[in-house]
Structures are given as C-alpha cells and as structure tokens.
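Student: Got a file for you: input_12.tsv, TSV, C-alpha atoms.
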```tsv
chain	number	residue	atom	x	y	z
A	1	MET	CA	79.31	97.50	100.35
A	2	LEU	CA	76.55	96.45	102.77
A	3	ASP	CA	72.98	95.26	102.24
A	4	CYS	CA	69.89	97.07	103.46
A	5	ASP	CA	68.90	96.07	107.01
A	6	PHE	CA	65.19	96.49	106.34
A	7	GLU	CA	63.38	93.19	106.71
A	8	ASP	CA	63.33	91.06	103.54
A	9	CYS	CA	65.12	93.75	101.49
A	10	GLN	CA	67.95	92.56	99.25
A	11	LYS	CA	68.98	95.94	97.81
A	12	PRO	CA	72.39	97.45	98.61
A	13	ALA	CA	72.51	100.13	101.27
A	14	VAL	CA	73.29	103.67	100.14
A	15	ARG	CA	76.80	104.66	101.18
A	16	ASN	CA	77.06	107.49	103.74
A	17	TYR	CA	73.47	108.77	103.52
A	18	GLY	CA	72.09	105.29	104.11
A	19	GLU	CA	74.05	104.81	107.33
A	20	CYS	CA	71.90	105.89	110.28
A	21	ALA	CA	73.71	105.93	113.61
A	22	LEU	CA	70.46	106.65	115.44
A	23	CYS	CA	68.70	103.39	114.59
A	24	ASP	CA	72.02	101.68	113.79
A	25	ARG	CA	70.85	100.44	110.39
A	26	HIS	CA	72.04	100.48	106.80
A	27	LEU	CA	69.25	101.51	104.43
A	28	CYS	CA	68.74	101.36	100.67
A	29	SER	CA	67.37	104.23	98.58
A	30	LYS	CA	63.79	103.04	99.04
A	31	HIS	CA	63.90	102.57	102.80
A	32	LEU	CA	65.61	105.91	103.34
A	33	GLU	CA	62.31	107.55	102.45
A	34	THR	CA	60.39	109.02	105.39
A	35	GLU	CA	57.62	106.48	104.83
A	36	PHE	CA	59.98	103.81	106.17
A	37	HIS	CA	62.75	105.66	108.01
A	38	LYS	CA	61.29	107.44	111.04
A	39	CYS	CA	64.42	108.64	112.84
A	40	LEU	CA	64.52	112.24	113.97
A	41	LYS	CA	67.16	114.60	112.67
A	42	TRP	CA	70.69	113.89	113.85
A	43	GLU	CA	70.98	117.23	115.61
A	44	ILE	CA	68.08	116.37	117.89
A	45	CYS	CA	69.19	113.06	119.32
A	46	HIS	CA	72.83	112.37	118.41
A	47	ARG	CA	73.81	112.46	122.09
A	48	GLU	CA	71.44	109.62	122.92
A	49	ALA	CA	72.83	107.63	120.00
A	50	ASP	CA	76.39	108.29	121.19
A	51	GLN	CA	75.51	107.12	124.68
A	52	ARG	CA	73.93	103.89	123.44
A	53	GLU	CA	76.93	103.21	121.23
A	54	VAL	CA	79.54	103.85	123.94
A	55	ASN	CA	77.66	101.85	126.57
A	56	ALA	CA	77.38	98.91	124.16
A	57	LEU	CA	81.07	99.20	123.29
A	58	LEU	CA	82.20	99.27	126.92
A	59	LYS	CA	80.13	96.18	127.70
A	60	ARG	CA	82.14	94.29	125.10
A	61	VAL	CA	85.51	95.27	126.59
A	62	ASP	CA	87.07	92.71	128.94
A	63	VAL	CA	88.91	95.14	131.21
A	64	ASN	CA	90.94	92.43	132.94
A	65	ALA	CA	92.22	91.09	129.62
A	66	LEU	CA	93.14	94.60	128.49
A	67	ILE	CA	94.99	95.29	131.76
A	68	SER	CA	96.77	91.95	131.48
A	69	HIS	CA	98.01	92.70	127.96
A	70	ALA	CA	99.26	96.16	128.92
A	71	SER	CA	100.99	94.82	132.03
A	72	ARG	CA	102.75	92.04	130.09
A	73	LEU	CA	104.13	94.58	127.64
A	74	ARG	CA	105.83	96.32	130.58
A	75	ASN	CA	107.21	93.16	132.19
A	76	GLY	CA	104.35	92.71	134.63
A	77	LEU	CA	104.18	96.29	135.92
A	78	SER	CA	100.83	96.87	137.61
A	79	CYS	CA	98.26	99.12	135.94
A	80	PHE	CA	94.60	99.94	136.25
A	81	ILE	CA	91.70	101.25	134.17
A	82	ASP	CA	88.94	103.47	135.48
A	83	LEU	CA	86.21	102.54	132.99
A	84	LEU	CA	83.79	105.44	133.29
A	85	PRO	CA	80.28	105.49	131.81
A	86	TYR	CA	79.39	107.83	128.97
A	87	ASP	CA	79.56	111.49	129.97
A	88	LYS	CA	78.67	114.13	127.40
A	89	SER	CA	80.81	116.71	129.22
A	90	THR	CA	83.98	114.69	128.57
A	91	ARG	CA	82.95	113.19	125.23
A	92	ASN	CA	85.37	115.18	123.08
A	93	SER	CA	88.33	114.27	125.28
A	94	VAL	CA	87.88	110.51	124.84
A	95	MET	CA	86.05	110.09	121.54
A	96	GLY	CA	86.41	111.36	118.02
A	97	GLY	CA	84.59	110.53	114.84
A	98	MET	CA	86.26	107.13	114.50
A	99	ASN	CA	87.74	106.02	117.82
A	100	TYR	CA	87.09	105.76	121.55
A	101	HIS	CA	89.98	106.01	124.02
A	102	ILE	CA	90.40	104.37	127.42
A	103	LYS	CA	93.18	105.58	129.72
A	104	ILE	CA	95.52	102.97	131.20
A	105	GLN	CA	97.46	104.17	134.24
A	106	PHE	CA	100.65	102.38	135.38
A	107	GLU	CA	101.92	102.45	138.94
A	108	ASP	CA	105.07	104.35	137.89
A	109	GLY	CA	103.00	107.26	136.57
A	110	ILE	CA	103.20	106.36	132.87
A	111	SER	CA	99.89	106.52	130.98
A	112	TRP	CA	98.82	104.70	127.83
A	113	LEU	CA	95.64	104.81	125.80
A	114	ALA	CA	93.63	101.89	124.52
A	115	ARG	CA	92.41	103.16	121.15
A	116	ILE	CA	89.24	101.31	120.16
A	117	ARG	CA	87.45	101.69	116.85
A	118	ARG	CA	83.88	102.94	117.20
A	119	SER	CA	81.15	100.61	115.97
A	120	ASN	CA	77.87	101.87	114.56
A	121	ALA	CA	75.98	102.01	111.28
A	122	THR	CA	78.55	104.41	109.82
A	123	SER	CA	81.42	101.98	110.46
A	124	PRO	CA	82.96	100.11	107.52
A	125	PRO	CA	82.74	96.30	107.34
A	126	PRO	CA	85.08	94.44	109.71
A	127	ASP	CA	87.67	93.47	107.08
A	128	LEU	CA	87.99	97.07	105.87
A	129	ARG	CA	88.06	98.34	109.45
A	130	ASP	CA	90.98	96.02	110.22
A	131	SER	CA	92.74	97.20	107.07
A	132	ILE	CA	92.39	100.81	108.21
A	133	ILE	CA	93.72	100.00	111.68
A	134	ARG	CA	96.64	98.06	110.21
A	135	SER	CA	97.49	101.07	108.04
A	136	GLU	CA	97.36	103.40	111.03
A	137	ILE	CA	99.72	101.18	113.01
A	138	ALA	CA	102.16	100.84	110.11
A	139	THR	CA	102.12	104.61	109.59
A	140	LEU	CA	102.73	105.40	113.25
A	141	ARG	CA	105.67	102.99	113.23
A	142	LEU	CA	107.26	104.62	110.20
A	143	LYS	CA	110.51	106.17	111.41
A	144	THR	CA	110.12	109.78	110.30
A	145	GLY	CA	111.47	111.49	113.39
A	146	LEU	CA	108.13	113.22	113.98
A	147	PRO	CA	106.63	113.28	117.50
A	148	VAL	CA	103.90	110.66	117.16
A	149	PRO	CA	102.57	108.23	119.79
A	150	LYS	CA	104.38	104.92	120.08
A	151	VAL	CA	102.33	101.81	119.38
A	152	TYR	CA	103.08	99.20	122.04
A	153	GLY	CA	100.56	96.51	121.14
A	154	PHE	CA	97.37	95.78	119.24
A	155	ASP	CA	94.83	93.16	118.31
A	156	PHE	CA	92.03	93.02	115.77
A	157	ALA	CA	88.35	92.27	116.34
A	158	ARG	CA	88.92	88.59	115.63
A	159	LYS	CA	87.47	85.45	117.08
A	160	GLY	CA	89.55	84.52	120.10
A	161	ASN	CA	90.59	88.09	120.96
A	162	PRO	CA	90.35	87.99	124.80
A	163	VAL	CA	89.65	91.73	125.09
A	164	GLY	CA	86.54	91.39	122.94
A	165	VAL	CA	87.23	94.33	120.61
A	166	GLY	CA	89.98	95.43	118.26
A	167	TYR	CA	92.35	97.95	119.81
A	168	MET	CA	95.75	99.62	119.86
A	169	LEU	CA	97.81	100.29	122.97
A	170	ILE	CA	99.52	103.62	122.37
A	171	GLU	CA	101.56	106.19	124.22
A	172	LYS	CA	99.57	109.00	125.83
A	173	LEU	CA	101.30	112.20	124.79
A	174	PRO	CA	100.95	115.45	126.74
A	175	ARG	CA	98.71	117.69	124.72
A	176	LYS	CA	96.42	120.66	124.74
A	177	ALA	CA	93.48	121.00	122.38
A	178	LEU	CA	93.87	123.66	119.71
A	179	HIS	CA	91.00	126.15	119.53
A	180	TRP	CA	91.90	128.06	116.39
A	181	SER	CA	89.30	130.78	116.88
A	182	LEU	CA	90.73	131.59	120.32
A	183	ALA	CA	94.40	131.47	119.31
A	184	SER	CA	96.39	134.68	119.05
A	185	ALA	CA	98.21	135.69	115.86
A	186	GLU	CA	101.49	134.59	117.43
A	187	GLN	CA	100.07	131.20	118.41
A	188	ARG	CA	98.62	130.65	114.94
A	189	LYS	CA	101.96	131.48	113.35
A	190	LYS	CA	103.70	129.00	115.64
A	191	VAL	CA	101.26	126.25	114.65
A	192	MET	CA	101.64	126.96	110.94
A	193	ASP	CA	105.44	127.03	111.25
A	194	GLN	CA	105.33	123.62	112.92
A	195	LEU	CA	102.98	122.31	110.25
A	196	ALA	CA	105.37	123.50	107.54
A	197	ASP	CA	108.24	121.72	109.30
A	198	ILE	CA	106.20	118.50	109.34
A	199	PHE	CA	105.64	118.58	105.58
A	200	ILE	CA	109.29	119.45	104.95
A	201	ASN	CA	110.20	116.41	107.03
A	202	LEU	CA	107.80	114.12	105.15
A	203	GLU	CA	109.29	115.22	101.84
A	204	GLN	CA	112.34	113.17	102.82
A	205	PHE	CA	110.26	109.98	102.48
A	206	PRO	CA	109.15	109.64	98.84
A	207	PHE	CA	107.28	106.56	97.60
A	208	GLU	CA	107.12	105.13	94.11
A	209	LEU	CA	103.50	104.01	94.43
A	210	MET	CA	100.24	105.48	95.72
A	211	GLY	CA	98.28	103.58	98.36
A	212	SER	CA	98.38	102.92	102.12
A	213	LEU	CA	100.97	101.35	104.36
A	214	ASP	CA	99.48	97.99	105.24
A	215	GLN	CA	102.11	95.70	106.77
A	216	VAL	CA	102.74	96.39	110.44
A	217	GLU	CA	106.18	94.79	110.55
A	218	THR	CA	107.53	95.35	107.02
A	219	LEU	CA	106.05	98.79	106.21
A	220	GLN	CA	104.95	97.50	102.84
A	221	LEU	CA	102.73	99.65	100.63
A	222	GLY	CA	99.37	98.13	99.72
A	223	PRO	CA	95.93	99.19	98.44
A	224	PHE	CA	94.15	102.23	99.81
A	225	ALA	CA	92.67	101.59	103.25
A	226	ARG	CA	89.74	103.92	102.70
A	227	GLU	CA	86.03	103.27	102.49
A	228	SER	CA	85.60	105.70	99.59
A	229	LEU	CA	88.21	103.80	97.57
A	230	THR	CA	86.98	100.28	98.30
A	231	ASP	CA	84.47	98.21	96.39
A	232	TYR	CA	82.82	94.97	97.41
A	233	SER	CA	81.73	92.06	95.26
A	234	ASN	CA	80.65	88.48	95.82
A	235	THR	CA	84.31	87.61	96.27
A	236	GLY	CA	84.81	90.16	99.04
A	237	MET	CA	86.68	93.43	99.50
A	238	ARG	CA	88.28	95.02	96.42
A	239	PRO	CA	90.28	98.13	97.39
A	240	ILE	CA	91.88	100.37	94.78
A	241	GLY	CA	95.66	100.36	94.47
A	242	PRO	CA	98.50	100.45	94.87
A	243	LEU	CA	98.83	102.70	91.82
A	244	SER	CA	101.82	104.10	89.99
A	245	SER	CA	100.40	107.33	88.58
A	246	LEU	CA	97.96	110.12	89.31
A	247	GLU	CA	96.10	109.26	86.10
A	248	ASP	CA	95.50	105.71	87.29
A	249	TYR	CA	94.22	107.06	90.61
A	250	LEU	CA	91.79	109.51	89.01
A	251	ARG	CA	90.43	106.94	86.57
A	252	ALA	CA	90.02	104.22	89.18
A	253	SER	CA	88.37	106.45	91.79
A	254	ILE	CA	85.95	108.05	89.31
A	255	GLN	CA	85.07	104.68	87.79
A	256	LEU	CA	84.31	103.32	91.25
A	257	VAL	CA	81.79	106.11	91.83
A	258	ILE	CA	80.15	105.34	88.48
A	259	ASP	CA	79.90	101.67	89.44
A	260	LEU	CA	78.30	102.59	92.77
A	261	ILE	CA	75.79	104.86	91.04
A	262	MET	CA	74.82	102.03	88.71
A	263	ARG	CA	74.27	99.75	91.72
A	264	ASP	CA	72.15	102.36	93.53
A	265	GLU	CA	74.74	102.78	96.31
A	266	CYS	CA	75.29	106.52	95.95
A	267	TYR	CA	73.67	109.63	94.44
A	268	THR	CA	70.34	107.83	94.66
A	269	GLN	CA	68.30	111.03	94.42
A	270	GLN	CA	69.79	112.13	91.08
A	271	PRO	CA	71.55	109.11	89.60
A	272	ILE	CA	71.36	110.14	85.94
A	273	ASP	CA	72.85	113.59	86.54
A	274	ALA	CA	75.53	112.16	88.82
A	275	CYS	CA	76.46	109.44	86.35
A	276	LEU	CA	76.74	111.91	83.46
A	277	ILE	CA	78.89	114.27	85.55
A	278	HIS	CA	81.28	111.50	86.56
A	279	LYS	CA	81.51	110.18	83.00
A	280	PHE	CA	82.41	113.72	81.95
A	281	LEU	CA	85.06	113.83	84.68
A	282	LEU	CA	86.43	110.50	83.52
A	283	ASP	CA	86.69	111.76	79.94
A	284	SER	CA	88.35	114.95	81.22
A	285	VAL	CA	91.23	113.23	83.03
A	286	PRO	CA	93.78	113.79	80.21
A	287	LYS	CA	92.91	117.49	79.99
A	288	ILE	CA	93.06	117.88	83.77
A	289	LEU	CA	96.50	116.29	83.87
A	290	SER	CA	97.74	118.55	81.08
A	291	TYR	CA	97.57	121.44	83.58
A	292	TYR	CA	99.38	119.46	86.28
A	293	HIS	CA	103.04	120.48	86.14
A	294	LEU	CA	104.23	119.89	89.71
A	295	ASP	CA	104.47	116.10	89.56
A	296	ASP	CA	107.97	114.87	90.42
A	297	GLY	CA	106.96	111.24	89.93
A	298	HIS	CA	106.86	110.45	93.65
A	299	PHE	CA	104.16	110.22	96.30
A	300	TYR	CA	104.31	111.47	99.87
A	301	LEU	CA	102.72	110.72	103.20
A	302	LYS	CA	99.54	112.72	103.77
A	303	HIS	CA	96.43	112.58	105.89
A	304	ALA	CA	93.74	110.57	104.12
A	305	ASP	CA	91.33	113.52	104.19
A	306	ASP	CA	93.89	116.19	103.30
A	307	LYS	CA	92.79	118.24	100.31
A	308	GLY	CA	95.10	121.09	101.21
A	309	GLU	CA	92.85	122.82	103.71
A	310	ILE	CA	93.14	120.81	106.95
A	311	MET	CA	95.57	120.55	109.83
A	312	PHE	CA	97.83	117.52	109.89
A	313	SER	CA	96.80	114.88	112.42
A	314	TRP	CA	98.30	111.47	113.04
A	315	MET	CA	95.54	110.21	115.28
A	316	THR	CA	92.16	111.00	113.80
A	317	THR	CA	91.88	109.10	110.54
A	318	THR	CA	93.72	106.71	108.33
A	319	ILE	CA	96.97	107.94	106.85
A	320	SER	CA	97.34	107.32	103.13
A	321	LEU	CA	99.85	108.09	100.45
A	322	GLU	CA	98.78	110.59	97.84
A	323	SER	CA	100.55	112.76	95.33
```
Please render this file's structure as structure tokens.

Tutor:
Amino acid sequence: MLDCDFEDCQKPAVRNYGECALCDRHLCSKHLETEFHKCLKWEICHREADQREVNALLKRVDVNALISHASRLRNGLSCFIDLLPYDKSTRNSVMGGMNYHIKIQFEDGISWLARIRRSNATSPPPDLRDSIIRSEIATLRLKTGLPVPKVYGFDFARKGNPVGVGYMLIEKLPRKALHWSLASAEQRKKVMDQLADIFINLEQFPFELMGSLDQVETLQLGPFARESLTDYSNTGMRPIGPLSSLEDYLRASIQLVIDLIMRDECYTQQPIDACLIHKFLLDSVPKILSYYHLDDGHFYLKHADDKGEIMFSWMTTTISLES
C-alpha cells in the first residue's frame, strides 16, 4: 500500500506492524528490525506521540475558515471555537483511534463538532481515507430512524480546501460514556435491550450486495471502504467489492492476504507458514459455506469491525455492509 520511508529503500512497507506512530514512518520488513528501528515501546511514549500529532494537526486547521463554513450553514449565525492545546486529561473526550473532534459553539446554545481524521503513520493513504469518510457520511445520512448525529457539512483534504484538513460538521449529541465494568446489572440489560432494538431496526434495510455506502447524495453501494480490503497497484487503489455473495467475499479477502504475503507486506516474520495457512483457508471455502445455513441472500448494515462481540457504534469507525 505504501513504500518504506527508510532512505533509498524501495521495498513496500509492512501493513500494520510497519506503521510506527512514534517516528511517523512506514517501514519494510528489513527496516523494522531493531538494528534500524530504534523507537521505544509504544506503551512508554505514546502520549508524546499523541501530543506531537495533535499539535501538528491543529496547526493545519484554519479556524476562521472552519467558523465561516459552520456559520454559513446556519444562515450567518455567529459561532466560536476554543481551540485548546493537547491535554492528556481530556484526550479520550476529544480523540479516538481514528478522529479528533473540535467543538463549535453557536450563540443560540447549539453545539456542533468538527470531526477531523487523525493523520499519522497508521493512517491509510489519502484516497482511501477520503473513501472511508465518504462512506461514513453516506451511512449517517441513511434514513433508518436511529438516533445518529446529523451531518451538516463536510470537505475532503483536497487542494483548495480553505480549512486545510478534511472534516465533517456534525451534530453534538448529549451523551455519557459507557463504563461497562462499572454498570449495574439493570444498566447492562438496558444497554443490551437497546442494542437488540438497533439490530431489529437495521433488519428492515436489506441490501442485495456487500460493500460500503460510498455516494453521499445517492446512497449508492460501492466497494469496501476498509484498509484491510484494499489493494494498491501501479494504477492506484483497488478496493474489493461490491460483491454479491459470501463466497465471493471470502475468496477475495483471503486472496488479498496471500497477495500481500507474496509482496512482503504482511506476515513478514513467518511468510511461508502464513501463506500455506491462507491457501488452506481458500481451499476450505466451499466446506465452510456448507455449514452456513442462515443466509437469506441479503446483506445488512453493520459496524466494519463487528465480528459479533462488540457494541454498535456509529461514530468510531467506518460502517460497512456485511452478511
């Protein structure tokens, strides 16, 4: 997907493990070795890396342009932004794994959030990042009746963007963070009941294909907007999908991993074992599907990371369509 940032190296960077947010570099299998890569463990200095990243991001934001856009969307109503420096004590309230949020306060008491994609060595290439953002916007604008933030405006990280960064202007909903370990049995039951209601609601919106919503205005289904399901070649980005069956999805996703192994972009420590395992998985697809009896031929809206064990969230990662 990306080349190694080490000087004069032409090898591809290893996906995930080769992305160091501390030195903000993409590294190949060779330059990940301790002989070349001298960064300390993430646990030791991730706060310093976060601070550098946020400070660099905020320097790129033209606050006046952001205020102007928000004000125009509300017919010139005055608003302001209190752009605070990085503060580790409030980090989790403004920043997640993928996005940074800036509060926009209007004079009538209404609050919005400017949702800005984080930018570091773990970030996908710009064209894939824009594809993910476009999918998020299209998903939030899907009329499901669920209580999700309204998207009022957006722009991508393009040349000529006056704000300087890609962003969404979204409704700031009243919320309280869920601490599952501290919740009572009654509170947990309430959350799970609400989660069940959400999935029952989403069952009313079946799709004939598997992929990601990718057209902001038309709600058209397109390829998957996910880094793990996207390949790159000399001709540019090549995402998987849209697909019409679970078999096509399994074959395409497994084959992509095999291709990445062959190009030294993943499983670089044990490439032979990994390649053999994935070839076995590819050969096993028909047998796996023979045990799959719950397929009604449709696909439903799910969180991109949902494997059946996570809470539903509209605002943390890309939303994709999976069976």

Student: Give the answer as one residue: which of A:Ala183, A:Ile81, A:Leu173, A:Leu301 has the shortest atom-to-atom distance to Lys150 of chain A, using all atoms listed in the file?

Tutor: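 Checking each candidate against Lys150 of chain A, we get A:Leu173 as the closest.
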
Student: For Ala252 of chain A, list every protein, DNA or RNA residue within 12 Å, evaluated using all atoms listed in the file, and leave out those in the same chain fewer than 6 positions away; present the list as a list in words.

Tutor: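 Non-adjacent residues within range: Phe224, Ser228, Leu229, Thr230, Asp231, Arg238, Pro239, Ile240, Gly241, Pro242, Leu243, Ser244, Ser245, Leu246, Ile258, Asp259, His278, Leu281, Leu282 and Val285 of chain A.
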
Student: List the spatial neighbours of segment 265-272 of chain A as number ranges by chain - criterion: any atom at most 10 Å away, all atoms listed in the file, same-chain residues fewer than 2 positions off excluded.

Tutor: A: 1-3, 11-18, 27-30, 257-263, 274-277

Student: Give the answer as one residue: which of A:Ile110, A:Arg141, A:Glu247, A:Ile67 has the shortest atom-to-atom distance to Tyr292 of chain A, using all atoms listed in the file?

Tutor: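 Of A:Ile110, A:Arg141, A:Glu247, A:Ile67, the one nearest Tyr292 of chain A is A:Glu247, counting all atoms listed in the file.
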
Student: Choose the residue, out of A:Ser284, A:Thr144, A:Asn55, A:Ser131, that has the smallest atom-to-atom separation from Leu83 of chain A; count all atoms listed in the file.

Tutor: A:Asn55

Student: Using all atoms listed in the file, which of the listed residues (A:Ser181, A:Ser212, A:Asn161, A:Ser290) sits closest to Ala65 of chain A?

Tutor: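 Nearest candidate to Ala65 of chain A out of A:Ser181, A:Ser212, A:Asn161, A:Ser290: A:Asn161.
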
Student: Box for segment 127-145 of chain A - axis-aligned, 6 Å on each of the six sides, all listed atoms - centre and size in Å to one decimal, as JSON.

Tutor:
```
{"center_x": 99.6, "center_y": 102.5, "center_z": 109.6, "size_x": 35.8, "size_y": 30.0, "size_z": 19.5}
```

Student: What is the atom CA of Phe36 of chain A-atom CA of Glu7 of chain A distance in Å, reported with one decimal?

Tutor: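 Separating atom CA of Phe36 of chain A from atom CA of Glu7 of chain A is a distance of 11.2 Å.
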
Student: Could you tell me how far atom CA of Tyr300 of chain A sits from atom CA of Leu202 of chain A, in Å to one decimal place?

Tutor: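 A separation of 6.9 Å between them.
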
Student: With distances taken over only C-alpha atoms, which of A:Ser135, A:Ser253, A:Ser123, A:Thr34 is nearest to Asn99 of chain A?

Tutor: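 Closest residue, counting only C-alpha atoms: A:Ser123.
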
Student: Write out as a count of residues only the residues lying within 6 Å of Arg115 of chain A, counting all atoms listed in the file and excluding same-chain residues fewer than 6 positions away.

Tutor: 4

Student: Show me the residues close to (92.4, 109.3, 123.7) - anything with an atom within 10 Å, counting all atoms listed in the file - and format the list as a ChimeraX atom specification.

Tutor: /A:92-96,99-103,112-116,170-173,315

Student: What would the file look like if the residues just selected were written as a PDB file, keeping the file's coordinate frame with C-alpha atoms?

Tutor:
```pdb
ATOM      1  CA  ASN A  92      85.370 115.180 123.080  1.00  0.00           C
ATOM      2  CA  SER A  93      88.330 114.270 125.280  1.00  0.00           C
ATOM      3  CA  VAL A  94      87.880 110.510 124.840  1.00  0.00           C
ATOM      4  CA  MET A  95      86.050 110.090 121.540  1.00  0.00           C
ATOM      5  CA  GLY A  96      86.410 111.360 118.020  1.00  0.00           C
ATOM      6  CA  ASN A  99      87.740 106.020 117.820  1.00  0.00           C
ATOM      7  CA  TYR A 100      87.090 105.760 121.550  1.00  0.00           C
ATOM      8  CA  HIS A 101      89.980 106.010 124.020  1.00  0.00           C
ATOM      9  CA  ILE A 102      90.400 104.370 127.420  1.00  0.00           C
ATOM     10  CA  LYS A 103      93.180 105.580 129.720  1.00  0.00           C
ATOM     11  CA  TRP A 112      98.820 104.700 127.830  1.00  0.00           C
ATOM     12  CA  LEU A 113      95.640 104.810 125.800  1.00  0.00           C
ATOM     13  CA  ALA A 114      93.630 101.890 124.520  1.00  0.00           C
ATOM     14  CA  ARG A 115      92.410 103.160 121.150  1.00  0.00           C
ATOM     15  CA  ILE A 116      89.240 101.310 120.160  1.00  0.00           C
ATOM     16  CA  ILE A 170      99.520 103.620 122.370  1.00  0.00           C
ATOM     17  CA  GLU A 171     101.560 106.190 124.220  1.00  0.00           C
ATOM     18  CA  LYS A 172      99.570 109.000 125.830  1.00  0.00           C
ATOM     19  CA  LEU A 173     101.300 112.200 124.790  1.00  0.00           C
ATOM     20  CA  MET A 315      95.540 110.210 115.280  1.00  0.00           C
TER      21      MET A 315
END
```

Student: Do you have the atom CA of Asp273 of chain A-atom CA of Pro286 of chain A distance handy?

Tutor: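 Spanning atom CA of Asp273 of chain A to atom CA of Pro286 of chain A is a straight-line distance of 21.9 Å.
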